[in-house]
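> What follows is run_1.csv, CSV, C-alpha atoms and all ligand atoms.
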```
chain,number,residue,atom,x,y,z
A,1,MET,CA,-2.1,-12.7,37.5
A,2,THR,CA,1.6,-12.0,38.3
A,3,ARG,CA,3.6,-9.4,36.3
A,4,ASP,CA,5.6,-12.1,34.7
A,5,SER,CA,2.6,-14.1,33.6
A,6,ALA,CA,0.9,-10.9,32.3
A,7,ALA,CA,4.0,-10.2,30.2
A,8,THR,CA,4.1,-13.8,29.0
A,9,SER,CA,0.4,-13.7,27.9
A,10,VAL,CA,0.8,-10.4,25.9
A,11,ASP,CA,3.9,-11.9,24.2
A,12,ALA,CA,1.9,-14.9,23.3
A,13,VAL,CA,-0.8,-12.7,21.7
A,14,LEU,CA,2.0,-10.9,19.8
A,15,ALA,CA,3.5,-14.3,18.8
A,16,GLU,CA,0.1,-15.2,17.3
A,17,LEU,CA,0.1,-11.9,15.3
A,18,PHE,CA,3.7,-12.7,14.0
A,19,ALA,CA,2.5,-16.2,13.0
A,20,ALA,CA,-0.5,-14.6,11.1
A,21,ALA,CA,1.9,-12.2,9.4
A,22,ALA,CA,4.1,-15.2,8.5
A,23,ASP,CA,1.1,-16.7,6.9
A,24,ILE,CA,0.5,-13.6,4.7
A,25,CYS,CA,4.0,-14.2,3.3
A,26,ARG,CA,3.3,-17.9,2.5
A,27,ASP,CA,4.0,-18.7,-1.2
A,28,ARG,CA,5.1,-15.1,-1.6
A,29,SER,CA,8.2,-14.5,0.5
A,30,PRO,CA,9.7,-17.7,2.0
A,31,LEU,CA,12.4,-15.5,3.6
A,32,THR,CA,10.0,-13.3,5.5
A,33,GLN,CA,7.8,-16.2,6.3
A,34,ARG,CA,10.7,-18.0,7.9
A,35,LEU,CA,12.0,-14.9,9.8
A,36,LEU,CA,8.5,-14.3,11.3
A,37,THR,CA,7.9,-17.9,12.1
A,38,ASP,CA,11.2,-18.1,14.0
A,39,ALA,CA,10.6,-14.7,15.6
A,40,ALA,CA,7.1,-15.9,16.8
A,41,ALA,CA,8.7,-18.9,18.5
A,42,ASP,CA,11.3,-16.6,20.0
A,43,LEU,CA,8.7,-14.2,21.3
A,44,ALA,CA,6.7,-17.0,22.9
A,45,ALA,CA,9.9,-18.1,24.6
A,46,GLY,CA,10.6,-14.6,25.8
A,47,GLY,CA,13.8,-14.2,23.7
A,48,VAL,CA,15.4,-11.1,22.1
A,49,THR,CA,12.3,-10.5,19.9
A,50,ALA,CA,10.3,-9.8,23.1
A,51,ARG,CA,12.8,-7.1,24.0
A,52,ILE,CA,12.6,-5.6,20.5
A,53,MET,CA,8.8,-5.6,20.6
A,54,ALA,CA,8.6,-4.2,24.1
A,55,GLY,CA,6.0,-1.4,24.0
A,56,ALA,CA,4.2,-2.8,21.0
A,57,GLU,CA,2.6,-5.7,22.7
A,58,ARG,CA,-0.9,-4.2,22.7
A,59,ASP,CA,-0.8,-2.8,19.2
A,60,ARG,CA,-3.9,-3.4,17.1
A,61,GLU,CA,-3.8,-6.4,14.8
A,62,GLY,CA,-4.4,-4.0,11.8
A,63,THR,CA,-1.0,-2.3,12.5
A,64,VAL,CA,0.7,-5.7,11.6
A,65,PRO,CA,3.5,-5.7,14.2
A,66,GLY,CA,5.2,-8.6,12.5
A,67,LEU,CA,5.6,-6.7,9.2
A,68,ARG,CA,7.0,-3.7,11.1
A,69,PHE,CA,9.5,-6.0,12.7
A,70,ALA,CA,10.5,-7.6,9.3
A,71,GLY,CA,10.8,-4.1,7.8
A,72,ALA,CA,13.1,-2.9,10.6
A,73,VAL,CA,15.3,-6.0,10.3
A,74,HIS,CA,15.5,-5.5,6.5
A,75,ARG,CA,16.5,-1.9,6.9
A,76,LEU,CA,19.4,-3.0,9.2
A,77,VAL,CA,20.5,-5.3,6.3
A,78,LEU,CA,20.2,-2.6,3.7
A,79,GLU,CA,22.3,-0.3,5.9
A,80,GLY,CA,25.0,-2.8,5.9
A,81,ARG,CA,24.8,-3.3,9.7
A,82,ALA,CA,24.1,-7.0,9.7
A,83,PRO,CA,26.6,-8.7,7.3
A,84,ALA,CA,26.0,-12.3,8.6
A,85,LEU,CA,22.3,-11.9,8.0
A,86,ALA,CA,22.7,-10.1,4.7
A,87,LYS,CA,24.0,-13.3,3.0
A,88,HIS,CA,20.3,-14.5,3.2
A,89,TYR,CA,18.9,-11.4,1.6
A,90,PRO,CA,18.5,-11.3,-2.2
A,91,SER,CA,17.9,-7.5,-2.1
A,92,VAL,CA,21.6,-7.1,-1.3
A,93,GLY,CA,22.8,-10.0,-3.4
A,94,GLY,CA,22.4,-12.8,-0.9
A,95,ARG,CA,20.8,-16.2,-1.2
A,96,PRO,CA,18.5,-17.5,1.5
A,97,ASP,CA,19.6,-20.6,3.5
A,98,LEU,CA,16.4,-20.8,5.5
A,99,PRO,CA,17.4,-23.5,8.1
A,100,ARG,CA,20.4,-21.2,9.1
A,101,LEU,CA,18.5,-17.9,8.9
A,102,TRP,CA,17.6,-17.6,12.6
A,103,GLU,CA,21.0,-18.5,13.9
A,104,ASP,CA,22.5,-15.8,11.6
A,105,ALA,CA,19.8,-13.3,12.6
A,106,LEU,CA,20.2,-13.7,16.4
A,107,PRO,CA,23.6,-11.8,16.8
A,108,ALA,CA,22.3,-8.9,14.7
A,109,LEU,CA,19.0,-8.8,16.6
A,110,THR,CA,20.8,-8.8,19.9
A,111,GLU,CA,23.4,-6.2,19.0
A,112,HIS,CA,20.8,-3.8,17.5
A,113,ALA,CA,17.8,-4.6,19.7
A,114,ASP,CA,17.4,-0.9,20.9
A,115,VAL,CA,17.5,0.5,17.3
A,116,LEU,CA,15.0,-2.1,16.2
A,117,ARG,CA,12.7,-1.5,19.1
A,118,HIS,CA,12.8,2.2,18.3
A,119,ARG,CA,12.0,1.6,14.7
A,120,VAL,CA,9.2,-0.8,15.3
A,121,GLY,CA,7.6,1.6,17.7
A,122,ALA,CA,8.1,4.7,15.5
A,123,THR,CA,6.7,3.5,12.2
A,124,VAL,CA,3.6,2.0,10.7
A,125,VAL,CA,3.8,-0.3,7.7
A,126,GLN,CA,4.5,2.2,4.9
A,127,THR,CA,4.8,-0.2,1.9
A,128,ASN,CA,4.2,2.1,-1.1
A,129,GLU,CA,3.4,-0.5,-3.8
A,130,PRO,CA,3.5,0.8,-7.4
A,131,GLY,CA,1.8,-2.3,-8.6
A,132,ARG,CA,-1.4,-0.8,-7.2
A,133,SER,CA,-1.3,1.7,-10.0
A,134,ALA,CA,-2.7,-1.0,-12.3
A,135,PRO,CA,-6.1,-1.4,-10.6
A,136,LEU,CA,-6.0,2.4,-10.0
A,137,TYR,CA,-5.5,3.1,-13.7
A,138,GLY,CA,-8.3,0.8,-14.8
A,139,GLY,CA,-10.6,2.2,-12.1
A,140,LEU,CA,-9.9,5.7,-13.1
A,141,LEU,CA,-10.8,4.9,-16.8
A,142,VAL,CA,-14.1,3.5,-15.6
A,143,ALA,CA,-14.8,6.4,-13.3
A,144,ALA,CA,-14.1,9.1,-15.9
A,145,GLN,CA,-16.2,7.4,-18.5
A,146,GLU,CA,-19.2,6.5,-16.2
A,147,ALA,CA,-19.3,10.0,-14.8
A,148,ALA,CA,-19.3,11.4,-18.4
A,149,ARG,CA,-22.1,8.9,-19.4
A,150,ALA,CA,-24.2,10.0,-16.4
A,151,ALA,CA,-23.7,13.6,-17.3
A,152,GLY,CA,-24.7,13.0,-21.0
A,153,ARG,CA,-21.2,13.8,-22.3
A,154,GLN,CA,-19.4,12.1,-25.1
A,155,VAL,CA,-15.9,12.6,-23.8
A,156,PRO,CA,-14.6,11.2,-20.5
A,157,PHE,CA,-13.9,13.6,-17.7
A,158,CYS,CA,-10.4,14.8,-16.9
A,159,VAL,CA,-9.4,13.6,-13.4
A,160,ARG,CA,-8.2,15.3,-10.2
A,161,LEU,CA,-6.7,12.6,-8.1
A,162,LEU,CA,-6.6,13.0,-4.3
A,163,GLU,CA,-4.8,10.2,-2.4
A,164,VAL,CA,-5.2,9.7,1.3
A,165,GLY,CA,-2.4,7.7,3.0
A,166,ALA,CA,-0.1,8.2,0.0
A,167,SER,CA,3.1,7.2,1.8
A,168,GLY,CA,5.8,8.3,-0.7
A,169,GLY,CA,3.2,9.2,-3.4
A,170,LEU,CA,4.4,6.5,-5.8
A,171,ASN,CA,0.8,5.9,-7.0
A,172,LEU,CA,0.2,9.6,-7.9
A,173,ARG,CA,1.3,9.0,-11.5
A,174,PRO,CA,-1.1,6.4,-12.9
A,175,HIS,CA,-1.2,8.0,-16.3
A,176,ARG,CA,2.7,8.1,-16.5
A,177,VAL,CA,3.0,4.3,-16.0
A,178,GLY,CA,2.9,1.7,-18.8
A,179,TYR,CA,0.6,-1.3,-18.5
A,180,ARG,CA,1.6,-4.2,-20.8
A,181,LEU,CA,-1.4,-6.5,-21.3
A,182,GLY,CA,-1.3,-10.2,-22.2
A,183,ASP,CA,-1.7,-9.5,-26.0
A,184,GLY,CA,1.2,-7.0,-26.0
A,185,THR,CA,-0.9,-3.9,-26.0
A,186,VAL,CA,0.6,-1.2,-23.7
A,187,LEU,CA,-1.9,1.1,-22.0
A,188,GLY,CA,-0.8,4.3,-20.3
A,189,ASP,CA,2.7,5.6,-21.1
A,190,PRO,CA,4.7,3.0,-23.0
A,191,GLY,CA,7.9,5.1,-22.7
A,192,SER,CA,7.7,5.2,-18.9
A,193,PRO,CA,10.6,3.9,-16.8
A,194,LEU,CA,7.8,1.9,-15.0
A,195,VAL,CA,6.0,-0.6,-17.2
A,196,LEU,CA,3.9,-3.0,-15.2
A,197,ASP,CA,2.6,-6.4,-16.1
A,198,PRO,CA,-0.9,-6.0,-14.5
A,199,ARG,CA,-1.7,-9.8,-15.0
A,200,TRP,CA,-5.4,-9.0,-15.6
A,201,THR,CA,-8.1,-11.5,-16.0
A,202,GLY,CA,-10.8,-9.8,-18.0
A,203,LEU,CA,-10.5,-6.0,-18.7
A,204,PRO,CA,-11.8,-2.8,-17.0
A,205,PRO,CA,-15.4,-2.2,-18.2
A,206,ALA,CA,-14.3,0.9,-20.1
A,207,ASP,CA,-13.2,2.0,-23.6
A,208,LEU,CA,-9.4,1.3,-23.3
A,209,THR,CA,-8.7,3.4,-26.4
A,210,HIS,CA,-9.4,6.6,-24.4
A,211,ARG,CA,-6.4,8.1,-22.7
A,212,LEU,CA,-6.6,8.9,-19.0
A,213,ARG,CA,-6.2,12.7,-18.6
A,214,VAL,CA,-5.0,13.7,-15.1
A,215,VAL,CA,-5.1,17.4,-14.6
A,216,GLY,CA,-4.4,17.5,-10.9
A,217,ARG,CA,-2.8,15.3,-8.2
A,218,ALA,CA,-2.3,15.7,-4.5
A,219,GLY,CA,-1.6,13.3,-1.6
A,220,CYS,CA,-1.4,13.3,2.1
A,221,ASP,CA,-0.1,11.0,4.8
A,222,LEU,CA,0.2,11.1,8.6
A,223,ASP,CA,3.9,10.5,8.1
A,224,PRO,CA,4.8,11.2,4.4
A,225,VAL,CA,7.9,9.6,3.0
A,226,ASP,CA,10.1,12.0,1.0
A,227,VAL,CA,11.4,9.9,-1.9
A,228,SER,CA,13.8,12.6,-3.0
A,229,THR,CA,16.0,11.7,0.0
A,230,ALA,CA,18.2,8.6,0.4
A,231,ASP,CA,16.5,8.0,3.8
A,232,GLY,CA,13.0,8.1,2.3
A,233,ARG,CA,14.0,5.6,-0.4
A,234,LEU,CA,15.7,3.3,2.1
A,235,HIS,CA,12.5,3.5,4.3
A,236,LEU,CA,10.3,2.4,1.4
A,237,SER,CA,12.7,-0.3,0.3
A,238,SER,CA,12.8,-1.8,3.8
A,239,PHE,CA,9.1,-2.8,3.4
A,240,VAL,CA,9.6,-4.7,0.2
A,241,TRP,CA,10.0,-8.4,1.1
A,242,ALA,CA,13.7,-9.0,0.3
A,243,ASP,CA,13.3,-12.1,-1.8
A,244,GLN,CA,10.7,-10.5,-4.1
A,245,LEU,CA,13.1,-9.2,-6.7
A,246,ASP,CA,10.4,-8.3,-9.2
A,247,ARG,CA,8.8,-5.9,-6.6
A,248,TRP,CA,12.3,-4.7,-5.8
A,249,LYS,CA,12.9,-3.7,-9.5
A,250,ARG,CA,9.4,-2.2,-9.7
A,251,LEU,CA,10.1,0.0,-6.7
A,252,ARG,CA,13.4,1.2,-8.3
A,253,ALA,CA,11.6,2.1,-11.6
A,254,ALA,CA,8.8,3.9,-9.6
A,255,LEU,CA,11.4,5.9,-7.7
A,256,GLU,CA,13.1,6.8,-11.0
A,257,LEU,CA,9.7,8.0,-12.4
A,258,ALA,CA,9.0,9.9,-9.1
A,259,ALA,CA,12.4,11.7,-9.5
A,260,ALA,CA,11.5,12.8,-13.0
A,261,ASP,CA,8.0,13.9,-12.0
A,262,PRO,CA,8.0,15.0,-8.3
A,263,VAL,CA,4.6,15.3,-6.5
A,264,PRO,CA,4.9,16.3,-2.8
A,265,VAL,CA,2.8,14.5,-0.2
A,266,ASP,CA,1.4,16.7,2.5
A,267,ARG,CA,1.8,15.9,6.1
A,268,SER,CA,-1.8,15.6,7.4
A,269,ALA,CA,-4.4,13.3,8.7
A,270,GLY,CA,-6.8,12.3,5.9
A,271,PRO,CA,-10.1,13.9,7.0
A,272,GLU,CA,-8.7,17.5,7.6
A,273,TRP,CA,-6.8,17.4,4.4
A,274,LEU,CA,-9.7,16.0,2.4
A,275,ALA,CA,-12.0,18.7,3.8
A,276,ARG,CA,-9.5,21.4,2.6
A,277,GLN,CA,-9.1,19.8,-0.9
A,278,LEU,CA,-12.8,19.1,-1.4
A,279,ALA,CA,-13.8,22.7,-0.4
A,280,ARG,CA,-12.8,23.7,-3.9
A,281,ALA,CA,-15.0,22.0,-6.6
A,282,GLU,CA,-13.6,22.2,-10.2
A,283,ARG,CA,-15.9,22.5,-13.1
A,284,ASP,CA,-15.6,19.9,-15.9
A,285,VAL,CA,-13.3,17.8,-13.8
A,286,LEU,CA,-14.0,14.5,-12.0
A,287,THR,CA,-12.5,14.7,-8.5
A,288,VAL,CA,-11.4,11.2,-7.3
A,289,VAL,CA,-10.6,10.4,-3.7
A,290,TRP,CA,-8.4,7.3,-3.7
A,291,HIS,CA,-6.9,5.2,-1.0
A,292,SER,CA,-5.2,1.8,-1.0
A,293,VAL,CA,-4.3,-0.4,2.0
A,294,VAL,CA,-4.9,2.5,4.4
A,295,TRP,CA,-8.2,1.8,6.1
A,296,GLN,CA,-6.9,-0.8,8.6
A,297,TYR,CA,-4.4,1.8,9.9
A,298,VAL,CA,-6.9,4.6,10.4
A,299,SER,CA,-8.2,5.3,13.9
A,300,PRO,CA,-12.0,4.9,14.5
A,301,ALA,CA,-12.2,8.7,15.0
A,302,ASP,CA,-10.5,9.5,11.7
A,303,ARG,CA,-12.7,6.9,9.9
A,304,ALA,CA,-15.9,8.6,11.2
A,305,MET,CA,-14.6,12.1,10.3
A,306,GLY,CA,-13.5,10.9,6.9
A,307,ARG,CA,-16.9,9.5,6.1
A,308,ALA,CA,-18.6,12.7,7.2
A,309,VAL,CA,-16.3,14.9,5.0
A,310,LEU,CA,-16.9,12.7,2.0
A,311,ALA,CA,-20.7,12.6,2.6
A,312,ASP,CA,-20.7,16.4,2.7
A,313,ALA,CA,-18.8,16.7,-0.6
A,314,ALA,CA,-20.9,14.0,-2.2
A,315,ALA,CA,-24.1,16.0,-1.3
A,316,LYS,CA,-22.6,19.0,-3.2
A,317,ALA,CA,-21.4,17.1,-6.3
A,318,THR,CA,-23.0,18.1,-9.6
A,319,PRO,CA,-23.0,16.5,-13.1
A,320,THR,CA,-20.4,19.1,-14.2
A,321,ALA,CA,-18.3,18.8,-11.0
A,322,PRO,CA,-18.8,15.1,-10.1
A,323,LEU,CA,-17.0,13.2,-7.2
A,324,ALA,CA,-15.7,9.6,-7.0
A,325,LEU,CA,-14.4,7.4,-4.2
A,326,LEU,CA,-12.1,4.7,-5.5
A,327,VAL,CA,-10.6,2.3,-3.0
A,328,PHE,CA,-8.4,-0.8,-3.1
A,329,GLU,CA,-8.7,-2.5,0.3
A,330,PRO,CA,-8.9,-6.0,1.9
A,331,ARG,CA,-12.5,-7.2,2.3
A,332,ARG,CA,-13.9,-9.9,4.5
A,333,GLU,CA,-16.6,-10.6,1.9
A,334,VAL,CA,-14.0,-11.8,-0.6
A,335,ASP,CA,-11.9,-13.9,1.8
A,336,HIS,CA,-9.8,-10.9,2.8
A,337,ARG,CA,-8.5,-10.5,-0.7
A,338,PHE,CA,-8.3,-6.9,-2.1
A,339,ALA,CA,-11.3,-5.4,-3.8
A,340,LEU,CA,-11.4,-2.3,-6.1
A,341,MET,CA,-14.6,-0.3,-5.3
A,342,LEU,CA,-16.0,2.7,-6.9
A,343,LYS,CA,-18.7,5.2,-5.9
A,344,LEU,CA,-19.8,8.1,-8.1
A,345,TRP,CA,-21.8,11.2,-7.1
A,346,PRO,CA,-24.3,12.5,-8.2
A,347,ALA,CA,-24.6,9.6,-10.6
A,348,GLY,CA,-25.5,7.3,-7.7
A,349,ILE,CA,-23.2,4.5,-9.0
A,350,SER,CA,-21.7,2.0,-6.5
A,351,LEU,CA,-19.7,-0.9,-7.9
A,352,SER,CA,-17.1,-3.4,-6.9
A,353,LEU,CA,-14.9,-3.6,-10.0
A,354,GLY,CA,-12.9,-6.7,-9.2
A,355,VAL,CA,-10.6,-8.5,-6.8
A,356,GLY,CA,-6.9,-9.0,-6.8
A,357,GLU,CA,-3.7,-9.6,-4.8
A,358,GLY,CA,-2.7,-7.0,-2.2
A,359,HIS,CA,0.2,-5.7,-4.3
A,360,GLY,CA,-2.1,-4.9,-7.2
A,361,THR,CA,-1.3,-7.7,-9.6
A,362,PRO,CA,-2.7,-10.1,-10.6
A,363,PHE,CA,-6.2,-8.7,-10.7
A,364,THR,CA,-9.5,-10.0,-12.0
A,365,TRP,CA,-12.1,-7.6,-13.3
A,366,ASN,CA,-15.6,-8.6,-12.3
A,367,VAL,CA,-18.3,-5.9,-11.8
A,368,THR,CA,-20.8,-6.5,-9.0
A,369,PRO,CA,-22.9,-4.0,-6.9
A,370,TRP,CA,-21.0,-2.5,-3.9
A,371,GLU,CA,-23.6,-2.5,-1.1
B,1,LIG,C1,0.4,0.4,4.0
B,1,LIG,S1,0.7,2.1,3.6
B,1,LIG,C2,-0.1,2.2,2.0
B,1,LIG,C3,0.5,3.3,1.1
B,1,LIG,C4,-0.1,3.5,-0.2
B,1,LIG,N1,-1.5,3.9,-0.1
B,1,LIG,C5,0.0,2.3,-1.1
B,1,LIG,O1,-1.0,1.6,-1.4
B,1,LIG,O2,1.1,2.1,-1.6
B,1,LIG,C6,-0.5,2.9,4.7
B,1,LIG,C7,-0.3,4.5,4.8
B,1,LIG,O3,-1.4,5.1,5.4
B,1,LIG,C8,-0.9,6.1,6.2
B,1,LIG,N2,-2.0,6.5,7.2
B,1,LIG,C9,-2.5,5.8,8.2
B,1,LIG,N3,-3.5,6.4,8.8
B,1,LIG,C10,-3.7,7.6,8.2
B,1,LIG,C11,-4.5,8.8,8.3
B,1,LIG,N4,-5.4,8.8,9.3
B,1,LIG,N5,-4.4,9.8,7.5
B,1,LIG,C12,-3.4,9.8,6.5
B,1,LIG,N6,-2.6,8.7,6.3
B,1,LIG,C13,-2.7,7.7,7.1
B,1,LIG,C14,0.3,5.6,6.8
B,1,LIG,O4,1.2,6.6,7.4
B,1,LIG,C15,0.9,4.8,5.7
B,1,LIG,O5,1.9,5.6,4.9
```
Rewrite the coordinates I just gave you, this time as C-alpha cells.
Ligand SMILES: C[S@@+](CC[C@H](N)C(=O)[O-])C[C@H]1O[C@@H](n2cnc3c(N)ncnc32)[C@H](O)[C@@H]1O


Amino acid sequence: MTRDSAATSVDAVLAELFAAAADICRDRSPLTQRLLTDAAADLAAGGVTARIMAGAERDREGTVPGLRFAGAVHRLVLEGRAPALAKHYPSVGGRPDLPRLWEDALPALTEHADVLRHRVGATVVQTNEPGRSAPLYGGLLVAAQEAARAAGRQVPFCVRLLEVGASGGLNLRPHRVGYRLGDGTVLGDPGSPLVLDPRWTGLPPADLTHRLRVVGRAGCDLDPVDVSTADGRLHLSSFVWADQLDRWKRLRAALELAAADPVPVDRSAGPEWLARQLARAERDVLTVVWHSVVWQYVSPADRAMGRAVLADAAAKATPTAPLALLVFEPRREVDHRFALMLKLWPAGISLSLGVGEGHGTPFTWNVTPWE
C-alpha cells in the first residue's frame, strides 16, 4: 500500500466514525447531524476535515472523534471567531439553515484548522450532563434504602458519593437539584436553580417520601474542568449540541448551582483515587461509587485496576459501613441505550434499575437482575 492510499484508508475509517456520530444526533440535534455528515464526506474526499483530524485517525471508536470535532467547532462559534457559521447556531442566537451550513463552515474550518486540530487532539468528550442527576437521585434513594433494609435498619443510610470521571462535577449535587414529576410533585430541592423534568416512566423502587441525605461528596477526573473559570464553563458549553436549547438552559442552571455550592474535582485517574478514598470506611454511611458515560473512555489497564480496587473494598464492606456501585452507562444488551445499574455489598444485591436516554431523561424504571 502506498503512503497516500494508507492515508486515504484511515480517513475512510474516520469518515465512518463521523457518520456513526452523526447517527447518534439523529432526531436530537439536526445541526450536529448535518455538520458531521458533511464533515464525513469532506474527510473521505481528503478535504480540510482531514487536516483538522490529522493525528486522530487511529483513535478508538469509544473516544468519539466526531463529537470532539463538533465540540471544537462549537467552541470556535462560542468564542465569536466564526461569525458566518454562528448564524446557524441557536446557542448564540442563530437559526440553522442546514443546506447552507457546510458552505458557511468551510471558511472558518480552513482559517482555524490548526486551532481545531490542536483542540481535537488535546481533549476527550467532556460533556457534563446535569440531566444524569435524575437517574442518579433515584438510584441513590434505592441504594440507601436497600442497604438499610439489608442491615435491619428502619432509616435509610446517609450517603457518601464518590464520582469517577466527574468532568466539571455538575452531578455531585443530586440532593440539591429539584425533580418535577408528571403529577407536579417535586423531589429533591424545589428551591434549586436547577429543576429537572426527569420524564420518568414508572418510579424508583423506593419510598420517595424519604429525603436523600448526602454527607460527603468527592470527584476525580483525568482532566477536571474548573467550572469556576470562564474557560471551564466555555469548555463544557462547547459539548452541548448547539440546537438543544433545553440542555443549554439546564447547563446554565447547573453552573449557577455549582457556583453556589462548589465541590472541587481532583485531578487523578480513577483507580488510584478510588483506592485512596475507599481506604477510609465510614461507619453508618453508605459509600457510593458512581460513574456515568465514562467507561468507554477508560483504558483497559485502568479498567482492570478499577475492578480490583472495587473488589478489595467490596470484600471489606460491612452492614454498618456498606458499599455501592451505581453506574449509568451504554449497554449492548439494551440496544446501546443507557442502563442504571446497582451493586451493594455486603448485601449481595445486583440490579439493573432501568434504561434511559444518554442525557439522563427520559428514563424508564424497570428492575431486573444485573448479571
Ligand atoms: C463524557 S464525560 C462524562 C462526565 C460525567 N460523568 C457526566 O456524566 O456528565 C467522560 C469523563 O471521563 C473522564 N475520564 C476518562 N477516563 C478516565 C479515567 N481513567 N479516570 C478518571 N476520569 C476519566 C474524562 O476526562 C471525561 O471528563

> When the cut-off is 8 Å and you count all atoms listed in the file, which residues lie near ligand LIG 1 (chain B), shown as a compact mmCIF listing (two decimals) with C-alpha atoms, in the coordinates of the input?


```txt
# COMPACT_ATOMS: atom_id res chain seq x y z
CA THR A 123 6.70 3.50 12.20
CA VAL A 124 3.60 2.00 10.70
CA VAL A 125 3.80 -0.30 7.70
CA GLN A 126 4.50 2.20 4.90
CA THR A 127 4.80 -0.20 1.90
CA ASN A 128 4.20 2.10 -1.10
CA GLU A 129 3.40 -0.50 -3.80
CA PRO A 130 3.50 0.80 -7.40
CA ARG A 132 -1.40 -0.80 -7.20
CA GLU A 163 -4.80 10.20 -2.40
CA VAL A 164 -5.20 9.70 1.30
CA GLY A 165 -2.40 7.70 3.00
CA ALA A 166 -0.10 8.20 0.00
CA SER A 167 3.10 7.20 1.80
CA GLY A 168 5.80 8.30 -0.70
CA GLY A 169 3.20 9.20 -3.40
CA LEU A 170 4.40 6.50 -5.80
CA ASN A 171 0.80 5.90 -7.00
CA CYS A 220 -1.40 13.30 2.10
CA ASP A 221 -0.10 11.00 4.80
CA LEU A 222 0.20 11.10 8.60
CA ASP A 223 3.90 10.50 8.10
CA PRO A 224 4.80 11.20 4.40
CA VAL A 225 7.90 9.60 3.00
CA SER A 268 -1.80 15.60 7.40
CA ALA A 269 -4.40 13.30 8.70
CA GLY A 270 -6.80 12.30 5.90
CA PRO A 271 -10.10 13.90 7.00
CA HIS A 291 -6.90 5.20 -1.00
CA SER A 292 -5.20 1.80 -1.00
CA VAL A 293 -4.30 -0.40 2.00
CA VAL A 294 -4.90 2.50 4.40
CA TRP A 295 -8.20 1.80 6.10
CA GLN A 296 -6.90 -0.80 8.60
CA TYR A 297 -4.40 1.80 9.90
CA VAL A 298 -6.90 4.60 10.40
CA SER A 299 -8.20 5.30 13.90
CA ASP A 302 -10.50 9.50 11.70
CA ARG A 303 -12.70 6.90 9.90
CA PHE A 328 -8.40 -0.80 -3.10
CA HIS A 359 0.20 -5.70 -4.30
```

> Using only C-alpha atoms, which residue out of A:Ala20, A:Ala150, A:Ala339, A:Val177 lies closest to Pro319 (chain A)?

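Residue with the minimum atom-to-atom distance to Pro319 (chain A): A:Ala150.
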
> Could you give me, as number ranges by chain, the residues that have an atom at most 9 Å away from the point (5.5, -9.9, -10.1) in the coordinates of the file, using all atoms listed in the file?

A: 131, 196-199, 244-247, 250, 359, 361-362

> Considering all atoms listed in the file, state which residue in the set A:Ala72, A:Ala275, A:Leu323, A:Leu141 is at the smallest distance from Val115 (chain A).

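Of the candidates, the smallest distance to Val115 (chain A) is held by A:Ala72.
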
> I'd like to know which of A:Leu274, A:Leu286, A:Leu187, A:Ala147 is closest to Leu310 (chain A), using only C-alpha atoms.

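The answer is A:Leu274, which sits nearest to Leu310 (chain A).
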
> Residues near Leu162 (chain A), anyone? I mean within 7 Å using all atoms listed in the file, not counting same-chain ones fewer than 6 positions away, as a VMD selection string.

chain A and resid 217 to 219 288 to 290

> How many Å separate CA of Pro99 (chain A) from CA of His112 (chain A)?

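Here the two named atoms are 22.1 Å from each other.
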
> Any idea what's packed within 8 Å of Ala315 (chain A), counting all atoms listed in the file, ignoring anything in its chain fewer than 3 positions away? Could you give it as a PDB file with C-alpha atoms, in the coordinates of the input?


```
ATOM      1  CA  ALA A 311     -20.700  12.600   2.600  1.00  0.00           C
ATOM      2  CA  ASP A 312     -20.700  16.400   2.700  1.00  0.00           C
ATOM      3  CA  TRP A 345     -21.800  11.200  -7.100  1.00  0.00           C
ATOM      4  CA  PRO A 346     -24.300  12.500  -8.200  1.00  0.00           C
TER       5      PRO A 346
END
```

> Using only C-alpha atoms, determine which residues lie at most 12 Å from Asp11 (chain A), disregarding the query and same-chain residues fewer than 5 positions distant; provide the list as a PyMOL selection string.

chain A and resi 4-6+16-18+39-59+65

> Separation of CA of Gly139 (chain A) and CA of Ala347 (chain A), in Å?

15.9 Å

> Quick check, in Å to one decimal: how far apart do CA of His175 (chain A) and CA of Ser91 (chain A) lie?

28.4 Å

> Please determine, counting all atoms listed in the file, which residue among A:Ala122, A:Ala12, A:Ala21, A:Ala134 has the shortest atom-to-atom distance to Gln33 (chain A).

A:Ala21

> Which polymer residues have any atom within 10 Å of an atom of Ser29 (chain A), counting all atoms listed in the file, with same-chain residues fewer than 4 positions away left out, as a PyMOL selection string?

chain A and resi 22-25+33-34+240-244

> Pick out the residues sitting within 10 Å of Gly191 (chain A), and hand them over as a list in words; count only C-alpha atoms, and ignore anything fewer than 5 positions along from it in its own chain.

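With the cut-off at 10 Å, the set is Arg176, Val177, Gly178 and Val186 of chain A.
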
> Dump as a ChimeraX atom specification all residues having an atom at most 8 Å from (-18.5, -4.0, -17.1), computed in the file's coordinates with only C-alpha atoms.

/A:204-206,353,366-367

> For region 21-27 of chain A, which lacks atoms in the input, supply N, CA and C atoms and format the output as a CSV table (one decimal), in the frame of the given file.


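Wrote it out as rebuild09.csv, contents follow:
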```csv
chain,number,residue,atom,x,y,z
A,21,ALA,N,1.2,-13.0,10.4
A,21,ALA,CA,1.9,-12.2,9.4
A,21,ALA,C,2.8,-13.1,8.5
A,22,ALA,N,3.4,-14.2,9.2
A,22,ALA,CA,4.1,-15.2,8.5
A,22,ALA,C,3.3,-15.8,7.4
A,23,ASP,N,2.0,-16.1,7.8
A,23,ASP,CA,1.1,-16.7,6.9
A,23,ASP,C,0.8,-15.9,5.7
A,24,ILE,N,0.7,-14.5,5.9
A,24,ILE,CA,0.5,-13.6,4.7
A,24,ILE,C,1.6,-13.8,3.7
A,25,CYS,N,2.8,-14.1,4.2
A,25,CYS,CA,4.0,-14.2,3.3
A,25,CYS,C,4.1,-15.6,2.6
A,26,ARG,N,3.2,-16.6,3.1
A,26,ARG,CA,3.3,-17.9,2.5
A,26,ARG,C,3.2,-17.9,1.0
A,27,ASP,N,4.0,-18.6,0.3
A,27,ASP,CA,4.0,-18.7,-1.2
A,27,ASP,C,4.4,-17.4,-1.8
```
